[in-house]
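Asker: Dropping in my_file-v8.txt, with compact mmCIF, C-alpha atoms and all ligand atoms.
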# COMPACT_ATOMS: atom_id res chain seq x y z
CA MET A 1 -17.32 11.03 5.68
CA ARG A 2 -14.44 12.86 7.26
CA LEU A 3 -11.62 12.14 9.62
CA GLN A 4 -11.70 14.38 12.68
CA GLU A 5 -8.58 13.08 14.37
CA ILE A 6 -6.28 10.11 14.37
CA GLN A 7 -3.77 9.02 16.98
CA LEU A 8 -0.85 6.79 16.07
CA VAL A 9 1.17 4.89 18.65
CA ASN A 10 4.19 2.86 17.51
CA PHE A 11 2.90 2.82 13.96
CA ARG A 12 5.69 2.65 11.35
CA LYS A 13 8.05 5.57 12.01
CA HIS A 14 5.73 7.31 14.48
CA LYS A 15 6.07 6.47 18.18
CA GLU A 16 3.32 8.95 18.98
CA LEU A 17 1.53 11.33 16.67
CA VAL A 18 -1.84 13.08 16.55
CA PHE A 19 -3.21 14.39 13.27
CA ALA A 20 -6.39 16.41 12.76
CA PRO A 21 -6.95 17.37 9.10
CA SER A 22 -9.16 20.17 7.87
CA GLU A 23 -12.61 19.43 6.47
CA ALA A 24 -11.54 20.17 2.91
CA ILE A 25 -8.05 19.63 1.46
CA THR A 26 -5.04 19.10 3.72
CA VAL A 27 -1.56 18.86 2.24
CA VAL A 28 0.91 17.18 4.61
CA TYR A 29 4.31 18.24 3.35
CA GLY A 30 7.90 17.50 4.28
CA PRO A 31 11.10 15.82 3.10
CA ASN A 32 11.35 12.29 1.73
CA GLY A 33 11.18 9.58 4.36
CA SER A 34 9.74 11.88 7.05
CA GLY A 35 6.68 9.68 7.63
CA LYS A 36 3.95 11.43 5.60
CA THR A 37 2.75 8.26 3.86
CA ASN A 38 2.81 6.48 7.23
CA ILE A 39 -0.01 8.81 8.33
CA LEU A 40 -2.12 8.02 5.26
CA GLU A 41 -1.50 4.34 5.88
CA ALA A 42 -2.77 4.66 9.45
CA VAL A 43 -5.99 6.30 8.19
CA HIS A 44 -6.31 3.55 5.59
CA TYR A 45 -6.07 0.91 8.37
CA CYS A 46 -9.03 2.49 10.12
CA THR A 47 -11.15 2.39 6.97
CA LEU A 48 -10.21 -0.89 5.28
CA ALA A 49 -8.50 -2.88 8.08
CA ARG A 50 -5.18 -2.99 6.25
CA GLY A 51 -2.25 -0.85 5.20
CA LEU A 52 -1.55 0.67 1.82
CA ASN A 53 -0.19 -1.45 -0.99
CA ARG A 54 -0.91 -4.73 0.79
CA SER A 55 1.68 -4.22 3.51
CA LEU A 56 1.60 -6.67 6.40
CA ASP A 57 0.58 -5.79 9.98
CA ARG A 58 4.00 -6.67 11.33
CA GLU A 59 5.67 -4.37 8.80
CA CYS A 60 3.68 -1.47 10.22
CA LEU A 61 4.88 -2.15 13.75
CA ASN A 62 7.55 0.34 14.80
CA PHE A 63 10.95 -1.36 14.74
CA ASP A 64 11.45 -0.81 18.51
CA ALA A 65 7.93 -1.64 19.71
CA GLY A 66 5.91 -4.72 20.65
CA TYR A 67 2.48 -3.31 19.67
CA PHE A 68 0.84 -0.55 17.66
CA LEU A 69 -2.39 1.26 18.29
CA LEU A 70 -4.47 3.49 16.02
CA GLN A 71 -7.51 5.44 17.15
CA GLY A 72 -9.50 7.38 14.59
CA THR A 73 -12.58 9.52 15.08
CA PHE A 74 -14.71 10.00 11.98
CA ALA A 75 -17.96 11.83 11.32
CA ASP A 76 -20.35 11.05 8.50
CA ASP A 77 -21.95 13.71 6.31
CA ARG A 78 -24.83 14.01 8.80
CA GLY A 79 -22.36 14.61 11.64
CA ILE A 80 -22.74 11.20 13.33
CA GLU A 81 -19.45 10.17 14.92
CA LEU A 82 -17.82 6.81 14.58
CA SER A 83 -14.66 5.76 16.35
CA VAL A 84 -12.35 3.04 15.10
CA LYS A 85 -9.57 1.43 17.09
CA VAL A 86 -7.00 -0.93 15.58
CA SER A 87 -4.61 -2.67 17.94
CA TYR A 88 -1.88 -5.08 16.97
CA GLU A 89 0.50 -6.97 19.16
CA LYS A 90 3.53 -8.74 17.77
CA ASN A 91 2.68 -12.29 16.64
CA VAL A 92 -0.98 -11.90 17.63
CA GLU A 93 -3.88 -11.17 15.23
CA LYS A 94 -4.89 -7.53 15.17
CA LYS A 95 -8.12 -6.43 16.81
CA ILE A 96 -10.51 -3.87 15.39
CA PHE A 97 -13.17 -2.05 17.37
CA ILE A 98 -15.96 0.20 16.10
CA ASN A 99 -17.37 2.40 18.85
CA SER A 100 -15.74 0.01 21.39
CA ASP A 101 -17.35 -3.15 19.90
CA GLU A 102 -14.81 -5.66 18.68
CA LEU A 103 -15.41 -6.87 15.12
CA LYS A 104 -15.67 -10.63 14.60
CA LYS A 105 -14.43 -10.32 11.01
CA TYR A 106 -12.31 -7.57 9.49
CA SER A 107 -14.66 -7.52 6.50
CA GLN A 108 -17.29 -5.96 8.81
CA LEU A 109 -15.32 -2.73 8.61
CA ILE A 110 -15.45 -2.59 4.80
CA GLY A 111 -17.89 0.02 3.58
CA ARG A 112 -18.42 1.63 7.02
CA ILE A 113 -15.99 4.44 6.21
CA PRO A 114 -15.90 4.77 2.42
CA CYS A 115 -12.43 5.66 1.27
CA VAL A 116 -10.74 6.18 -2.09
CA THR A 117 -6.96 6.23 -2.45
CA PHE A 118 -4.41 7.37 -4.96
CA SER A 119 -0.84 6.23 -4.57
CA PRO A 120 2.06 6.01 -7.05
CA MET A 121 2.20 2.27 -6.30
CA GLU A 122 -1.29 2.05 -7.74
CA LEU A 123 0.00 3.07 -11.16
CA SER A 124 0.26 -0.68 -11.64
CA LEU A 125 -3.52 -0.54 -11.95
CA VAL A 126 -2.97 1.13 -15.31
CA ASN A 127 0.35 -0.33 -16.43
CA GLY A 128 0.68 -3.53 -14.38
CA SER A 129 -0.73 -7.05 -14.52
CA PRO A 130 -4.45 -7.92 -15.01
CA GLN A 131 -4.57 -9.02 -11.36
CA GLU A 132 -4.21 -5.36 -10.30
CA ARG A 133 -7.24 -4.34 -12.37
CA ARG A 134 -9.31 -7.23 -11.05
CA ARG A 135 -8.36 -6.23 -7.51
CA PHE A 136 -9.42 -2.66 -8.28
CA MET A 137 -12.88 -3.77 -9.45
CA ASP A 138 -13.29 -6.18 -6.53
CA ASN A 139 -12.26 -3.61 -3.91
CA ALA A 140 -14.43 -0.87 -5.38
CA LEU A 141 -17.47 -3.13 -5.70
CA SER A 142 -17.01 -4.67 -2.25
CA GLN A 143 -17.18 -1.22 -0.67
CA THR A 144 -20.54 -0.47 -2.22
CA ASN A 145 -22.17 -3.86 -2.70
CA LYS A 146 -22.23 -6.41 0.13
CA SER A 147 -23.64 -9.23 -2.02
CA TYR A 148 -20.74 -8.78 -4.48
CA LEU A 149 -18.26 -9.43 -1.67
CA ASP A 150 -20.23 -12.55 -0.61
CA ASP A 151 -20.32 -13.86 -4.20
CA LEU A 152 -16.63 -13.18 -4.63
CA LEU A 153 -15.66 -15.05 -1.46
CA GLN A 154 -17.87 -17.96 -2.46
CA TYR A 155 -16.47 -17.92 -6.01
CA ARG A 156 -12.93 -18.23 -4.63
CA ARG A 157 -13.94 -21.26 -2.55
CA VAL A 158 -15.70 -22.97 -5.48
CA LEU A 159 -12.77 -22.18 -7.76
CA GLN A 160 -10.40 -23.87 -5.35
CA GLN A 161 -12.66 -26.94 -5.14
CA ARG A 162 -12.95 -27.13 -8.91
CA ASN A 163 -9.19 -26.82 -9.38
CA THR A 164 -8.66 -29.64 -6.86
CA LEU A 165 -11.14 -31.74 -8.82
CA LEU A 166 -9.43 -30.97 -12.14
CA GLY A 167 -6.23 -32.23 -10.53
CA ALA A 168 -7.98 -35.41 -9.35
CA VAL A 169 -9.41 -36.05 -12.84
CA ASN A 170 -5.95 -35.57 -14.31
CA GLU A 171 -3.99 -37.63 -11.77
CA LYS A 172 -6.48 -40.27 -10.64
CA GLY A 173 -8.75 -40.44 -13.68
CA MET A 174 -11.74 -39.43 -11.54
CA ASP A 175 -15.19 -39.41 -13.11
CA ARG A 176 -16.03 -36.13 -14.91
CA ASP A 177 -19.68 -35.96 -13.79
CA SER A 178 -18.83 -34.29 -10.50
CA LEU A 179 -16.73 -31.82 -12.47
CA GLU A 180 -19.86 -30.74 -14.34
CA VAL A 181 -21.60 -29.98 -11.01
CA TRP A 182 -18.75 -27.73 -9.90
CA THR A 183 -18.56 -26.10 -13.34
CA GLU A 184 -22.21 -25.14 -13.01
CA LYS A 185 -21.71 -23.74 -9.52
CA LEU A 186 -18.68 -21.79 -10.67
CA THR A 187 -20.48 -20.46 -13.75
CA GLN A 188 -23.47 -19.25 -11.73
CA LEU A 189 -21.23 -17.23 -9.43
CA ALA A 190 -19.05 -16.13 -12.35
CA CYS A 191 -22.13 -14.74 -14.13
CA SER A 192 -23.19 -12.58 -11.19
CA ILE A 193 -19.64 -11.32 -10.67
CA VAL A 194 -19.13 -10.50 -14.35
CA SER A 195 -22.56 -8.83 -14.60
CA GLU A 196 -21.79 -6.65 -11.56
CA ARG A 197 -18.37 -5.78 -12.94
CA LEU A 198 -19.83 -4.85 -16.33
CA ALA A 199 -22.43 -2.61 -14.73
CA PHE A 200 -19.72 -1.06 -12.55
CA ILE A 201 -17.41 -0.35 -15.51
CA GLU A 202 -20.25 1.16 -17.48
CA ARG A 203 -21.13 3.44 -14.56
CA LEU A 204 -17.51 4.30 -13.87
CA PHE A 205 -17.07 5.40 -17.45
CA VAL A 206 -20.06 7.71 -17.17
CA TYR A 207 -18.14 9.44 -14.36
CA ILE A 208 -14.71 9.40 -16.02
CA GLU A 209 -15.85 11.31 -19.08
CA PRO A 210 -16.86 14.51 -17.23
CA VAL A 211 -13.70 14.33 -15.08
CA TYR A 212 -11.61 14.43 -18.26
CA GLU A 213 -13.80 17.14 -19.74
CA GLN A 214 -13.27 19.31 -16.67
CA LEU A 215 -9.54 18.67 -16.80
CA GLY A 216 -9.76 20.24 -20.26
CA LEU A 217 -6.60 18.59 -21.54
CA GLY A 218 -8.02 17.40 -24.84
CA GLU A 219 -7.45 13.76 -23.86
CA VAL A 220 -10.26 11.26 -24.40
CA PRO A 221 -10.49 8.26 -22.05
CA GLY A 222 -11.95 4.82 -22.78
CA ILE A 223 -12.45 1.66 -20.73
CA SER A 224 -13.67 -1.85 -21.55
CA TYR A 225 -13.96 -5.28 -19.92
CA ARG A 226 -12.07 -8.18 -21.44
CA SER A 227 -13.38 -11.62 -20.58
CA ALA A 228 -11.19 -14.71 -20.59
CA ALA A 229 -14.32 -16.51 -21.78
CA GLY A 230 -13.38 -15.55 -25.32
CA ARG A 231 -14.77 -12.32 -26.65
CA HIS A 232 -15.63 -9.01 -25.02
CA ALA A 233 -18.15 -10.04 -22.38
CA ASN A 234 -19.97 -6.74 -22.77
CA GLU A 235 -21.11 -7.89 -26.19
CA ILE A 236 -23.01 -10.82 -24.66
CA ALA A 237 -26.61 -10.33 -23.53
CA PRO A 238 -26.90 -10.97 -19.74
CA GLU A 239 -29.40 -13.83 -20.26
CA GLU A 240 -26.94 -15.56 -22.59
CA LEU A 241 -23.95 -15.26 -20.31
CA PHE A 242 -24.57 -18.51 -18.40
CA SER A 243 -24.92 -20.74 -21.46
CA PHE A 244 -22.05 -18.93 -23.16
CA MET A 245 -19.71 -19.60 -20.24
CA MET A 246 -20.85 -23.21 -19.79
CA GLN A 247 -20.18 -23.79 -23.48
CA ARG A 248 -16.76 -22.20 -23.11
CA PHE A 249 -15.92 -24.52 -20.20
CA ARG A 250 -16.94 -27.53 -22.32
CA GLU A 251 -14.63 -26.35 -25.11
CA ILE A 252 -11.62 -25.96 -22.84
CA GLU A 253 -12.23 -28.95 -20.56
CA HIS A 254 -9.30 -30.99 -21.92
CA GLN A 255 -6.95 -28.09 -21.53
CA GLU A 256 -8.19 -27.40 -17.98
CA ILE A 257 -7.71 -31.03 -16.93
CA PHE A 258 -4.24 -31.01 -18.47
CA ARG A 259 -3.30 -27.80 -16.64
CA LYS A 260 -5.26 -28.74 -13.48
CA GLN A 261 -6.79 -25.28 -13.26
CA SER A 262 -9.85 -23.29 -14.30
CA LEU A 263 -8.89 -21.24 -17.34
CA ALA A 264 -11.97 -19.03 -17.76
CA GLY A 265 -13.98 -16.93 -15.34
CA PRO A 266 -13.69 -13.57 -13.57
CA HIS A 267 -10.38 -14.61 -11.95
CA ARG A 268 -8.82 -14.42 -15.45
CA ASP A 269 -10.60 -11.32 -16.80
CA ASP A 270 -9.09 -7.90 -17.38
CA LEU A 271 -9.86 -4.27 -18.09
CA VAL A 272 -8.49 -2.26 -20.97
CA PHE A 273 -7.89 1.43 -20.37
CA ARG A 274 -7.71 3.57 -23.48
CA PHE A 275 -6.64 7.08 -24.05
CA ASN A 276 -7.23 8.90 -27.34
CA ASP A 277 -8.13 5.45 -28.72
CA THR A 278 -4.78 3.89 -27.85
CA ASP A 279 -3.89 1.53 -25.00
CA VAL A 280 -2.86 3.70 -22.01
CA LYS A 281 -0.40 1.05 -20.91
CA LYS A 282 1.53 1.22 -24.17
CA TYR A 283 1.34 4.84 -25.27
CA ALA A 284 0.72 7.28 -22.39
CA SER A 285 3.56 9.38 -20.91
CA GLN A 286 4.29 9.21 -17.16
CA GLY A 287 2.25 12.36 -16.51
CA GLN A 288 -0.63 11.13 -18.69
CA LEU A 289 -0.55 7.76 -16.94
CA ARG A 290 -0.82 9.47 -13.56
CA THR A 291 -3.56 11.75 -14.84
CA PHE A 292 -5.48 8.71 -16.06
CA LEU A 293 -5.22 7.02 -12.67
CA ILE A 294 -6.26 10.20 -10.87
CA ALA A 295 -9.23 10.59 -13.23
CA VAL A 296 -10.27 6.98 -12.52
CA LYS A 297 -10.03 7.67 -8.79
CA LEU A 298 -11.93 10.98 -9.01
CA ALA A 299 -14.63 9.16 -10.96
CA LEU A 300 -14.69 6.34 -8.41
CA HIS A 301 -15.01 8.89 -5.62
CA THR A 302 -18.16 10.38 -7.19
CA LEU A 303 -19.54 6.94 -8.01
CA VAL A 304 -19.15 5.71 -4.40
CA SER A 305 -20.56 9.00 -3.15
CA ASP A 306 -23.65 8.69 -5.36
CA THR A 307 -24.10 5.00 -4.54
CA THR A 308 -23.74 5.23 -0.77
CA GLY A 309 -24.95 8.80 -0.20
CA GLU A 310 -21.69 9.40 1.67
CA ARG A 311 -18.68 11.25 0.26
CA PRO A 312 -15.66 8.98 0.73
CA LEU A 313 -12.48 10.11 2.36
CA PHE A 314 -9.87 10.80 -0.31
CA LEU A 315 -6.28 9.78 0.52
CA LEU A 316 -3.73 10.87 -2.09
CA ASP A 317 -0.11 9.95 -1.66
CA ASP A 318 2.55 11.97 -3.45
CA LEU A 319 -0.09 13.46 -5.72
CA PHE A 320 1.86 16.22 -7.38
CA SER A 321 5.02 14.57 -8.65
CA GLU A 322 5.44 14.25 -12.41
CA LEU A 323 2.44 16.52 -13.04
CA ASP A 324 2.74 19.94 -14.65
CA GLY A 325 1.28 23.03 -12.95
CA THR A 326 -1.86 23.08 -15.11
CA ARG A 327 -2.73 19.48 -14.28
CA ILE A 328 -2.14 20.08 -10.56
CA GLU A 329 -4.44 23.14 -10.53
CA LYS A 330 -7.18 21.33 -12.46
CA ILE A 331 -7.02 18.32 -10.16
CA LEU A 332 -7.15 20.51 -7.05
CA GLU A 333 -10.20 22.29 -8.51
CA GLN A 334 -11.98 18.94 -8.73
CA LEU A 335 -10.90 17.89 -5.25
CA GLU A 336 -12.36 21.10 -3.84
CA GLY A 337 -15.87 19.76 -4.31
CA ALA A 338 -15.03 16.22 -3.25
CA GLY A 339 -15.31 16.49 0.53
CA GLN A 340 -12.24 15.76 2.63
CA SER A 341 -8.92 15.01 0.92
CA ILE A 342 -5.59 14.33 2.59
CA ILE A 343 -2.62 14.74 0.28
CA THR A 344 1.08 14.15 0.88
CA ALA A 345 3.71 16.17 -0.96
CA THR A 346 7.29 17.29 -0.56
CA ASP A 347 6.39 20.99 -0.80
CA ARG A 348 3.64 23.09 0.70
CA LYS A 349 0.75 24.02 -1.52
CA ASP A 350 -1.44 27.04 -1.04
CA GLY A 351 -4.72 27.72 -2.73
CA SER A 352 -8.42 28.00 -2.14
CA GLY A 353 -9.70 25.39 0.30
CA VAL A 354 -6.18 24.01 0.82
CA ARG A 355 -4.47 23.88 4.23
CA SER A 356 -0.80 22.94 4.27
CA VAL A 357 0.61 21.22 7.35
CA SER A 358 4.31 20.59 7.81
CA ILE A 359 5.10 17.05 9.00
CA GLU A 360 7.70 18.60 11.31
CA ASP A 361 4.93 20.39 13.21
CA LEU A 362 3.20 17.06 13.83
CA LEU A 363 6.24 15.26 15.22
N1 LIG B 1 7.95 -0.38 10.86
C1 LIG B 1 8.69 0.73 10.82
N2 LIG B 1 9.31 1.20 11.95
C2 LIG B 1 10.05 2.32 11.91
N3 LIG B 1 10.26 3.06 10.82
C3 LIG B 1 9.67 2.66 9.68
C4 LIG B 1 8.86 1.48 9.63
N4 LIG B 1 8.39 1.34 8.36
C5 LIG B 1 8.90 2.36 7.65
N5 LIG B 1 9.66 3.16 8.45
C6 LIG B 1 10.38 4.37 8.05
O1 LIG B 1 9.44 5.32 7.59
C7 LIG B 1 10.05 6.12 6.58
C8 LIG B 1 9.17 6.19 5.37
O2 LIG B 1 8.06 6.92 5.72
P1 LIG B 1 7.04 7.43 4.63
O3 LIG B 1 6.92 6.45 3.54
O4 LIG B 1 5.81 7.83 5.35
O5 LIG B 1 7.85 8.71 4.10
P2 LIG B 1 7.32 9.89 3.22
O6 LIG B 1 7.45 11.13 4.05
O7 LIG B 1 6.00 9.60 2.65
O8 LIG B 1 8.44 9.90 2.10
P3 LIG B 1 8.38 10.21 0.51
O9 LIG B 1 8.24 11.71 0.39
O10 LIG B 1 9.72 9.74 0.05
O11 LIG B 1 7.25 9.44 -0.07
C9 LIG B 1 11.37 5.49 6.23
O12 LIG B 1 12.39 6.27 6.79
C10 LIG B 1 11.31 4.13 6.87
O13 LIG B 1 12.55 3.69 7.31
Starting from the file, give its structure as structure tokens.

Answerer:
Amino acid sequence: MRLQEIQLVNFRKHKELVFAPSEAITVVYGPNGSGKTNILEAVHYCTLARGLNRSLDRECLNFDAGYFLLQGTFADDRGIELSVKVSYEKNVEKKIFINSDELKKYSQLIGRIPCVTFSPMELSLVNGSPQERRRFMDNALSQTNKSYLDDLLQYRRVLQQRNTLLGAVNEKGMDRDSLEVWTEKLTQLACSIVSERLAFIERLFVYIEPVYEQLGLGEVPGISYRSAAGRHANEIAPEELFSFMMQRFREIEHQEIFRKQSLAGPHRDDLVFRFNDTDVKKYASQGQLRTFLIAVKLALHTLVSDTTGERPLFLLDDLFSELDGTRIEKILEQLEGAGQSIITATDRKDGSGVRSVSIEDLL
């Protein structure tokens, strides 16, 4: 998948801007605060119906404007074009159109234009809270697996119902039989989510290893799933997962009623990233942390590409900072074979397959 052209009207800093990247690597360079990330964010809107780093629609509206409009033209690897329009008016829900047809739900856009991002804010995936890592798995899986997204949305609804019920048992002494029904429902969905996540992590690791090998830095990555259900879920046979989780819920029922919330399940699970057999979060340097995140994203890019048959768009914000020259060259070498990448940086970068575009020339 590649972006042919995008037009921005009243989006963030840009009143009007047209950007047409090259088919391989484009580096958009310029001073801090000149609006480079704003362009990546606009592309991200057209692929995932939202801005980068969970920004709100109204935050993306230019300070002096009452609406913003984005129009992107994409072409898949077979050359079939797809146009996406996102329009937002102050205090009104945004509208998204694919080839002029308005989408009923934003989730209909997910997966149509596969996209992988790297942004310094995403370093929290490696060194931040478990929620960030769960979000990473959920976003990645939702792009490639529609039934995962359905299960996840249903799981969230059931979780809410069960938490309400736990509250009712606690406060009003409600009968626990109905709790058992909701525990079963929750466990069924939890099992499919955890199984999909485990398979995803296993596959992702298969892709991370060669990325690190090609980087040739002598650093060895590792990744594992940590289940709030007690022990490493990847040690449990899939057919035993349901009874294992049900048993776990029985064990913690008193605690759950006391706290009025569900204390086990995929909404509490985590990932552990390792590096040379130590926890990345605790021992990696800034540059190593960034390299780890980039390696995860390069691996994800290949995984999505192999799963969907379509090479995702690669959006990389502020890619080069805190990386030494060797790391930058090695990463660019890997991006060369990855389809279209759009990178932002403060300085121009020249090299094979790389086109540098000054932000000033776009304004
Ligand atoms: N809604 C908005 N309306 C107008 N200007 C905005 C809006 N949101 C952000 N900006 C401006 O956009 C600029 C930031 O743009 P952006 O993050 O794209 O910069 P950048 O070139 O990527 O910078 P850096 O190199 O520091 O990452 C800031 O000057 C900010 O004030």

Asker: List all protein, DNA and RNA residues that have an atom no more than 8 Å from any atom of ligand LIG 1 (chain B), counting all atoms listed in the file, and report them as a PyMOL selection string.

Answerer: chain A and resi 10-14+29-40+58-64+317-318+344-346

Asker: Given the point (-15.9, -4.3, -3.9) in the file's coordinates, find the residues that have an atom at most 12 Å from it, counting all atoms listed in the file, and give them as a PyMOL selection string.

Answerer: chain A and resi 48+107+110-111+114-116+134-153+193+196-197+200+300+304

Asker: Determine the nearest neighbour of A:Ala49 from the options A:Cys191, A:Ala24, A:Ile98, A:Ala168, counting all atoms listed in the file.

Answerer: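 Checking each of A:Cys191, A:Ala24, A:Ile98, A:Ala168 against A:Ala49, counting all atoms listed in the file, the winner is A:Ile98.
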
Asker: Write out as a compact mmCIF listing (two decimals) with C-alpha atoms, in the frame of the given file each polymer residue whose atoms come within 10 Å of A:Arg290, counting all atoms listed in the file; drop sequence neighbours fewer than 6 positions from it.

Answerer:
# COMPACT_ATOMS: atom_id res chain seq x y z
CA PHE A 118 -4.41 7.37 -4.96
CA SER A 119 -0.84 6.23 -4.57
CA PRO A 120 2.06 6.01 -7.05
CA GLU A 122 -1.29 2.05 -7.74
CA LEU A 123 0.00 3.07 -11.16
CA VAL A 126 -2.97 1.13 -15.31
CA ALA A 284 0.72 7.28 -22.39
CA VAL A 296 -10.27 6.98 -12.52
CA LEU A 319 -0.09 13.46 -5.72
CA PHE A 320 1.86 16.22 -7.38
CA SER A 321 5.02 14.57 -8.65
CA GLU A 322 5.44 14.25 -12.41
CA LEU A 323 2.44 16.52 -13.04

Asker: Please determine, counting all atoms listed in the file, which residue among A:Leu159, A:Leu303, A:Ile25, A:Ile252 has the shortest atom-to-atom distance to A:Lys185.

Answerer: A:Leu159

Asker: From the list A:Asp347, A:Glu202, A:Glu336, A:Glu256, which residue is nearest A:Glu23 when using all atoms listed in the file?

Answerer: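 Looking at the shortest contact to A:Glu23, the residue is A:Glu336.
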
Asker: Export stretch 278-296 of chain A from the structure block above, keeping N, CA and C atoms, as a tab-separated table (two decimals), in the first residue's frame.

Answerer:
chain	number	residue	atom	x	y	z
A	278	THR	N	17.85	-9.50	29.79
A	278	THR	CA	17.46	-8.60	30.89
A	278	THR	C	16.21	-7.85	30.45
A	279	ASP	N	15.48	-7.30	31.38
A	279	ASP	CA	14.26	-6.56	31.08
A	279	ASP	C	14.65	-5.24	30.38
A	280	VAL	N	14.15	-5.05	29.17
A	280	VAL	CA	14.49	-3.84	28.38
A	280	VAL	C	14.18	-2.57	29.17
A	281	LYS	N	13.01	-2.61	29.82
A	281	LYS	CA	12.51	-1.47	30.57
A	281	LYS	C	13.52	-1.00	31.62
A	282	LYS	N	14.20	-1.97	32.22
A	282	LYS	CA	15.08	-1.62	33.36
A	282	LYS	C	16.52	-1.38	32.96
A	283	TYR	N	16.99	-2.05	31.88
A	283	TYR	CA	18.43	-2.01	31.64
A	283	TYR	C	18.89	-1.39	30.32
A	284	ALA	N	17.99	-1.19	29.35
A	284	ALA	CA	18.46	-0.69	28.05
A	284	ALA	C	18.75	0.81	28.10
A	285	SER	N	19.72	1.25	27.29
A	285	SER	CA	20.01	2.69	27.17
A	285	SER	C	18.93	3.32	26.28
A	286	GLN	N	18.92	4.64	26.18
A	286	GLN	CA	17.92	5.33	25.35
A	286	GLN	C	17.97	4.84	23.90
A	287	GLY	N	19.21	4.75	23.37
A	287	GLY	CA	19.38	4.31	21.98
A	287	GLY	C	18.95	2.86	21.80
A	288	GLN	N	19.26	2.03	22.79
A	288	GLN	CA	18.88	0.61	22.71
A	288	GLN	C	17.37	0.44	22.83
A	289	LEU	N	16.78	1.29	23.65
A	289	LEU	CA	15.32	1.27	23.82
A	289	LEU	C	14.63	1.60	22.49
A	290	ARG	N	15.15	2.65	21.86
A	290	ARG	CA	14.60	3.06	20.56
A	290	ARG	C	14.80	1.98	19.52
A	291	THR	N	16.01	1.38	19.54
A	291	THR	CA	16.30	0.33	18.57
A	291	THR	C	15.33	-0.83	18.78
A	292	PHE	N	15.05	-1.15	20.05
A	292	PHE	CA	14.14	-2.25	20.34
A	292	PHE	C	12.76	-1.95	19.75
A	293	LEU	N	12.29	-0.73	19.99
A	293	LEU	CA	10.96	-0.36	19.48
A	293	LEU	C	10.95	-0.40	17.95
A	294	ILE	N	12.00	0.10	17.33
A	294	ILE	CA	12.06	0.09	15.87
A	294	ILE	C	12.07	-1.36	15.36
A	295	ALA	N	12.83	-2.22	16.05
A	295	ALA	CA	12.88	-3.63	15.63
A	295	ALA	C	11.50	-4.26	15.74
A	296	VAL	N	10.77	-3.95	16.83
A	296	VAL	CA	9.41	-4.48	16.99
A	296	VAL	C	8.54	-4.01	15.82
